[in-house]
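Trainee: Structure file input24.tsv (TSV, C-alpha atoms and all ligand atoms) right here:
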chain	number	residue	atom	x	y	z
T	1	MET	CA	-8.84	0.11	-28.43
T	2	ASN	CA	-9.69	2.46	-25.56
T	3	THR	CA	-6.94	4.18	-23.65
T	4	ILE	CA	-7.51	4.65	-19.93
T	5	GLY	CA	-7.95	8.38	-20.63
T	6	GLU	CA	-11.08	7.58	-22.68
T	7	LEU	CA	-12.58	5.51	-19.86
T	8	ILE	CA	-12.07	7.75	-16.83
T	9	GLU	CA	-12.43	11.46	-15.98
T	10	ASP	CA	-9.47	13.84	-16.20
T	11	THR	CA	-9.37	14.24	-12.39
T	12	ASP	CA	-8.74	10.52	-11.94
T	13	LEU	CA	-6.37	10.39	-14.92
T	14	ALA	CA	-4.14	13.09	-13.43
T	15	GLN	CA	-3.87	11.13	-10.16
T	16	LEU	CA	-3.23	7.92	-12.10
T	17	CYS	CA	-0.36	9.54	-14.02
T	18	LYS	CA	1.11	10.73	-10.72
T	19	LEU	CA	0.72	7.26	-9.18
T	20	SER	CA	2.40	5.67	-12.22
T	21	ARG	CA	5.41	7.96	-11.76
T	22	VAL	CA	5.53	6.98	-8.08
T	23	ALA	CA	5.32	3.28	-9.02
T	24	ARG	CA	8.31	3.60	-11.37
T	25	ALA	CA	10.31	5.45	-8.71
T	26	LEU	CA	9.42	2.84	-6.07
T	27	ASN	CA	10.51	0.10	-8.45
T	28	ALA	CA	13.88	1.80	-8.92
T	29	ALA	CA	14.21	1.99	-5.11
T	30	GLY	CA	13.66	-1.76	-4.60
T	31	HIS	CA	9.99	-1.79	-3.56
T	32	ALA	CA	8.70	-3.97	-6.40
T	33	PRO	CA	11.17	-6.63	-7.60
T	34	ALA	CA	10.08	-9.24	-10.16
T	35	THR	CA	6.72	-7.57	-11.04
T	36	SER	CA	5.67	-7.54	-7.36
T	37	GLY	CA	3.88	-4.63	-5.67
T	38	ASN	CA	0.51	-3.19	-6.53
T	39	TYR	CA	-1.11	0.22	-6.35
T	40	SER	CA	-4.58	1.72	-6.41
T	41	LEU	CA	-6.69	4.86	-6.20
T	42	ARG	CA	-10.21	5.49	-5.00
T	43	SER	CA	-11.99	7.18	-7.92
T	44	LYS	CA	-12.94	10.79	-7.19
T	45	THR	CA	-15.50	10.83	-10.00
T	46	GLN	CA	-17.06	7.33	-10.07
T	47	PRO	CA	-18.61	6.50	-6.67
T	48	GLY	CA	-17.76	2.95	-5.60
T	49	ALA	CA	-14.99	2.55	-8.18
T	50	VAL	CA	-11.31	1.81	-7.54
T	51	LEU	CA	-8.48	2.06	-10.08
T	52	ILE	CA	-6.15	-0.90	-9.50
T	53	SER	CA	-2.86	-1.90	-11.11
T	54	GLU	CA	-2.90	-4.88	-13.43
T	55	SER	CA	-1.19	-8.14	-12.58
T	56	GLY	CA	2.27	-9.25	-13.64
T	57	ILE	CA	3.71	-6.05	-15.10
T	58	ASP	CA	7.35	-4.99	-14.79
T	59	LYS	CA	7.01	-1.82	-12.68
T	60	SER	CA	9.94	-0.15	-14.43
T	61	ARG	CA	7.65	0.18	-17.48
T	62	PHE	CA	4.52	1.05	-15.53
T	63	THR	CA	2.13	3.70	-16.93
T	64	GLU	CA	-1.46	4.83	-16.41
T	65	GLU	CA	-2.44	2.26	-19.08
T	66	ASN	CA	-1.54	-0.50	-16.60
T	67	PHE	CA	-4.57	0.31	-14.43
T	68	LEU	CA	-8.19	-0.77	-14.70
T	69	THR	CA	-11.39	0.06	-12.86
T	70	VAL	CA	-12.95	-2.42	-10.41
T	71	ASP	CA	-16.13	-2.21	-8.34
T	72	MET	CA	-15.29	-1.64	-4.67
T	73	GLU	CA	-17.98	-3.99	-3.40
T	74	THR	CA	-17.83	-6.85	-5.91
T	75	GLY	CA	-14.26	-6.56	-7.21
T	76	LEU	CA	-15.60	-7.01	-10.74
T	77	PRO	CA	-13.63	-5.20	-13.47
T	78	GLY	CA	-15.23	-2.32	-15.35
T	79	PRO	CA	-14.89	-1.75	-19.12
T	80	CYS	CA	-11.31	-2.30	-20.22
T	81	TYR	CA	-9.91	-2.85	-23.73
T	82	PRO	CA	-7.80	-4.82	-24.26
T	83	PRO	CA	-8.84	-6.91	-21.22
T	84	LYS	CA	-6.51	-6.61	-18.24
T	85	LYS	CA	-6.21	-8.83	-15.18
T	86	PRO	CA	-6.43	-6.91	-11.89
T	87	SER	CA	-3.71	-7.50	-9.29
T	88	ALA	CA	-4.05	-10.81	-7.45
T	89	GLU	CA	-4.20	-8.76	-4.23
T	90	THR	CA	-7.07	-6.52	-5.35
T	91	ALA	CA	-9.36	-7.78	-2.55
T	92	ILE	CA	-6.92	-6.42	0.06
T	93	HIS	CA	-6.99	-2.95	-1.52
T	94	LEU	CA	-10.79	-2.99	-1.59
T	95	ALA	CA	-10.96	-4.03	2.08
T	96	ILE	CA	-8.70	-1.07	2.99
T	97	TYR	CA	-10.95	1.35	1.08
T	98	ARG	CA	-14.03	-0.05	2.81
T	99	ALA	CA	-12.44	0.15	6.27
T	100	THR	CA	-10.72	3.55	5.99
T	101	SER	CA	-11.06	6.89	4.23
T	102	ALA	CA	-7.95	6.13	2.12
T	103	GLY	CA	-7.74	7.65	-1.34
T	104	CYS	CA	-4.60	5.73	-2.40
T	105	VAL	CA	-3.12	2.37	-1.37
T	106	LEU	CA	0.50	1.29	-1.98
T	107	HIS	CA	1.80	-2.26	-1.55
T	108	SER	CA	5.57	-2.66	-1.28
T	109	HIS	CA	7.77	-5.76	-1.16
T	110	LEU	CA	10.52	-3.77	0.55
T	111	LEU	CA	13.00	-6.21	2.12
T	112	GLU	CA	13.31	-4.12	5.29
T	113	ALA	CA	9.57	-4.51	6.02
T	114	LEU	CA	10.05	-8.28	6.32
T	115	LEU	CA	13.21	-7.99	8.41
T	116	PHE	CA	11.54	-5.45	10.72
T	117	ALA	CA	8.61	-7.80	11.37
T	118	ASP	CA	11.11	-10.59	12.07
T	119	LEU	CA	12.40	-8.51	15.01
T	120	TYR	CA	9.00	-9.10	16.63
T	121	PRO	CA	8.15	-12.77	15.98
T	122	ALA	CA	4.67	-13.98	16.97
T	123	GLN	CA	3.39	-10.45	17.65
T	124	ALA	CA	0.02	-9.65	16.08
T	125	ALA	CA	0.87	-5.95	16.15
T	126	ILE	CA	3.97	-3.82	16.69
T	127	GLN	CA	3.73	-0.47	18.49
T	128	VAL	CA	6.26	2.24	17.76
T	129	SER	CA	6.92	5.66	19.25
T	130	GLY	CA	9.71	8.17	19.75
T	131	LEU	CA	10.92	8.93	16.23
T	132	GLU	CA	10.65	12.50	14.97
T	133	LEU	CA	9.80	11.25	11.49
T	134	LEU	CA	6.56	9.68	12.78
T	135	LYS	CA	5.25	13.23	12.27
T	136	GLY	CA	5.33	12.37	8.56
T	137	PHE	CA	2.16	10.38	9.18
T	138	ALA	CA	-0.96	12.49	8.54
T	139	GLY	CA	-2.29	14.13	11.69
T	140	ILE	CA	0.65	13.10	13.93
T	141	THR	CA	2.09	16.14	15.68
T	142	THR	CA	4.53	14.66	18.19
T	143	HIS	CA	7.28	12.04	18.13
T	144	ARG	CA	5.68	10.63	21.30
T	145	ALA	CA	2.60	9.43	19.39
T	146	LEU	CA	1.98	5.69	19.59
T	147	ILE	CA	1.55	4.07	16.17
T	148	THR	CA	0.25	0.52	15.72
T	149	ILE	CA	1.48	-1.68	12.87
T	150	PRO	CA	-0.62	-4.87	12.59
T	151	CYS	CA	1.36	-7.92	11.42
T	152	PHE	CA	-0.29	-10.87	9.72
T	153	GLU	CA	1.01	-14.22	8.54
T	154	ASN	CA	1.33	-14.41	4.78
T	155	THR	CA	-1.42	-16.23	2.90
T	156	GLN	CA	-2.38	-17.21	-0.62
T	157	ASP	CA	-6.05	-17.17	0.43
T	158	ILE	CA	-6.50	-13.49	-0.32
T	159	GLU	CA	-10.33	-13.33	-0.30
T	160	PRO	CA	-10.88	-14.69	3.26
T	161	PHE	CA	-7.93	-12.64	4.52
T	162	ALA	CA	-9.44	-9.48	3.02
T	163	ARG	CA	-12.86	-10.22	4.53
T	164	ALA	CA	-11.31	-10.55	8.00
T	165	LEU	CA	-9.09	-7.46	7.63
T	166	PRO	CA	-11.31	-4.38	8.37
T	167	PRO	CA	-11.60	-4.72	12.21
T	168	HIS	CA	-7.79	-4.92	12.43
T	169	LEU	CA	-7.49	-1.51	10.73
T	170	ARG	CA	-9.50	0.29	13.38
T	171	GLY	CA	-7.76	0.64	16.73
T	172	GLU	CA	-7.28	3.06	19.60
T	173	ASP	CA	-3.91	4.11	18.20
T	174	PRO	CA	-3.55	5.37	14.63
T	175	ILE	CA	-2.83	2.77	11.92
T	176	PHE	CA	-1.19	3.83	8.66
T	177	GLY	CA	-0.22	0.44	7.32
T	178	PHE	CA	0.25	-3.26	8.07
T	179	ILE	CA	2.81	-5.95	7.34
T	180	LEU	CA	2.27	-9.35	5.78
T	181	ARG	CA	5.13	-11.41	7.20
T	182	ASP	CA	7.63	-12.73	4.62
T	183	HIS	CA	5.72	-10.73	2.01
T	184	GLY	CA	5.54	-6.95	2.31
T	185	LEU	CA	3.87	-3.78	3.54
T	186	TYR	CA	0.54	-2.14	2.77
T	187	THR	CA	0.17	1.57	3.45
T	188	TRP	CA	-2.32	4.20	2.39
T	189	GLY	CA	-3.19	7.89	2.57
T	190	ALA	CA	-5.72	10.50	1.53
T	191	GLY	CA	-4.04	10.72	-1.87
T	192	VAL	CA	-0.91	9.71	-3.77
T	193	ASP	CA	1.31	12.23	-1.95
T	194	ASP	CA	0.16	11.15	1.53
T	195	ALA	CA	0.51	7.44	0.75
T	196	LYS	CA	4.01	7.97	-0.69
T	197	ARG	CA	5.05	10.00	2.36
T	198	HIS	CA	3.70	7.29	4.68
T	199	LEU	CA	5.70	4.66	2.81
T	200	GLU	CA	8.82	6.79	3.27
T	201	VAL	CA	8.16	7.04	7.01
T	202	PHE	CA	7.76	3.27	7.25
T	203	GLU	CA	10.97	2.67	5.29
T	204	TYR	CA	12.89	5.02	7.58
T	205	LEU	CA	11.39	3.40	10.69
T	206	PHE	CA	12.31	-0.09	9.45
T	207	ARG	CA	15.88	0.92	8.59
T	208	TYR	CA	16.29	2.70	11.93
T	209	SER	CA	14.98	-0.28	13.93
T	210	LEU	CA	17.20	-2.74	12.05
T	211	ALA	CA	20.28	-0.51	12.40
T	212	ARG	CA	19.64	-0.14	16.12
T	213	ARG	CA	19.67	-3.92	16.47
T	214	GLY	CA	22.83	-4.13	14.38
T	215	ARG	CA	21.00	-5.84	11.52
T	216	TYR	CA	21.46	-3.15	8.92
T	217	GLN	CA	24.58	-1.68	7.32
X	301	ZN	ZN	2.46	-8.67	-2.61
Since I need it in another form, could you write the structure as structure tokens?
Ligand SMILES: [Zn+2]

Mentor:
Amino acid sequence: MNTIGELIEDTDLAQLCKLSRVARALNAAGHAPATSGNYSLRSKTQPGAVLISESGIDKSRFTEENFLTVDMETGLPGPCYPPKKPSAETAIHLAIYRATSAGCVLHSHLLEALLFADLYPAQAAIQVSGLELLKGFAGITTHRALITIPCFENTQDIEPFARALPPHLRGEDPIFGFILRDHGLYTWGAGVDDAKRHLEVFEYLFRYSLARRGRYQ
């Protein structure tokens, strides 16, 4: 049996260990109930490879061994023993890597992401500005920056959704994540630390917006 450490380079393994710790912490904070949520890294050592979390694992027990390599273009799994099933939402991660320079993608089922999107029914995108914490997004230097959050209807047809996704991730205003209505949030960053920080900014923004409307205690 190969451990993940025998299949990937140390540089990627170190990031994977860090991402696993983040995944466990996110689970404890309510981001991944009932084995939901998925996480990935763009390999720094294997061009065109992505390390993606496996499907159906309780995130409280998540470790680096719960990841496998997939090809960014085809989505096909690389060597992996024992065989693991990549996340059902792998195609969405791969579309984000193809459309952006992201090094890490986090997918959260945070309740507040759904409730926030419900404040703006029928909008294809939500624009936010004015919060100091928006400066937690990479490259944002003023609370007056305008941030776009695309919102999509939920779907079980992941492959066609992923194929249609890239143009929606490139806009005039910066995009650091998008919401699938009644489902959750995708966010990303240059690495694990950036992606985690971006998720924290989103969570704060959602809680603030809901509290302001009297929908959050
Ligand atoms: Zn999901």

Trainee: Using only C-alpha atoms, find each residue in stretch 6-116 of chain T having at least one atom no more than 12 Å away from stretch 120-132 of chain T; report its shortest atom-to-atom pair and that distance in Å (one decimal), rows by chain then rising number, as a tab-separated table.

Mentor:
residue	atom	partner	partner_atom	distance
T:Ala113	CA	T:Tyr120	CA	11.6
T:Leu114	CA	T:Tyr120	CA	10.4
T:Leu115	CA	T:Tyr120	CA	9.3
T:Phe116	CA	T:Tyr120	CA	7.4

Trainee: Since we have the selection now, will you write its residues out, keeping C-alpha atoms, as a compact mmCIF listing (two decimals), keeping the file's coordinate frame?

Mentor:
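part_39.txt, written as the output of this step:
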# COMPACT_ATOMS: atom_id res chain seq x y z
CA ALA T 113 9.57 -4.51 6.02
CA LEU T 114 10.05 -8.28 6.32
CA LEU T 115 13.21 -7.99 8.41
CA PHE T 116 11.54 -5.45 10.72

Trainee: Tell me, counting all atoms listed in the file, for each residue of stretch 102-163 of chain T within 12 Å of stretch 15-24 of chain T, which pair of atoms is nearest and how far apart they are in Å to one decimal, in rows ordered by chain and increasing number, as CSV.

Mentor:
residue,atom,partner,partner_atom,distance
T:Gly103,CA,T:Gln15,CA,10.2
T:Cys104,CA,T:Leu19,CA,8.8
T:Val105,CA,T:Leu19,CA,10.0
T:Leu106,CA,T:Ala23,CA,8.8
T:His107,CA,T:Ala23,CA,9.9
T:Ser108,CA,T:Ala23,CA,9.8

Trainee: Fewer than 6 positions away in the same chain doesn't count, so skip those; otherwise give me all residues within 7 Å of T:Ala91, counting all atoms listed in the file, as a list in words.

Mentor: Gly75, Ile158, Glu159 and Ala162 of chain T

Trainee: Taking only C-alpha atoms and all ligand atoms into account, which residues have an atom no farther than 9 Å from ligand ZN 301 (chain X)? I'd like them as a PyMOL selection string.

Mentor: chain T and resi 32+36-38+88-89+107-109+180+183-186

Trainee: Within 9 Å of (7.1, 2.5, 7.9), in the coordinates the file gives, what residues turn up when you count all atoms listed in the file, written out as number ranges by chain?

Mentor: T: 113, 134, 149, 176-178, 185, 187, 198-207

Trainee: Compile the contact shell of T:Pro166 as a list in words: residues with an atom at most 10 Å away, counting only C-alpha atoms, same-chain residues fewer than 3 positions apart removed.

Mentor: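 My list of contacting residues is Ile92, Ala95, Ile96, Tyr97, Arg98, Ala99, Thr100, Phe161, Ala162, Arg163, Leu169 and Arg170 of chain T.
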
Trainee: Those residues you just picked out, can you put them in a file as an mmCIF file, in the frame of the given file with C-alpha atoms?

Mentor:
data_model
loop_
_atom_site.group_PDB
_atom_site.id
_atom_site.type_symbol
_atom_site.label_atom_id
_atom_site.label_comp_id
_atom_site.auth_asym_id
_atom_site.auth_seq_id
_atom_site.Cartn_x
_atom_site.Cartn_y
_atom_site.Cartn_z
ATOM 1 C CA ILE T 92 -6.920 -6.420 0.060
ATOM 2 C CA ALA T 95 -10.960 -4.030 2.080
ATOM 3 C CA ILE T 96 -8.700 -1.070 2.990
ATOM 4 C CA TYR T 97 -10.950 1.350 1.080
ATOM 5 C CA ARG T 98 -14.030 -0.050 2.810
ATOM 6 C CA ALA T 99 -12.440 0.150 6.270
ATOM 7 C CA THR T 100 -10.720 3.550 5.990
ATOM 8 C CA PHE T 161 -7.930 -12.640 4.520
ATOM 9 C CA ALA T 162 -9.440 -9.480 3.020
ATOM 10 C CA ARG T 163 -12.860 -10.220 4.530
ATOM 11 C CA LEU T 169 -7.490 -1.510 10.730
ATOM 12 C CA ARG T 170 -9.500 0.290 13.380
#

Trainee: Please measure the separation of atom CA of T:Pro86 and atom CA of T:Ser53, giving the value in Å to one decimal.

Mentor: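 Separating atom CA of T:Pro86 from atom CA of T:Ser53 is a distance of 6.2 Å.
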
Trainee: Would you mind telling me which residue in T:Arg213, T:Arg197, T:Lys135, T:His143 lies nearest to T:Asp118 when using all atoms listed in the file?

Mentor: T:Arg213
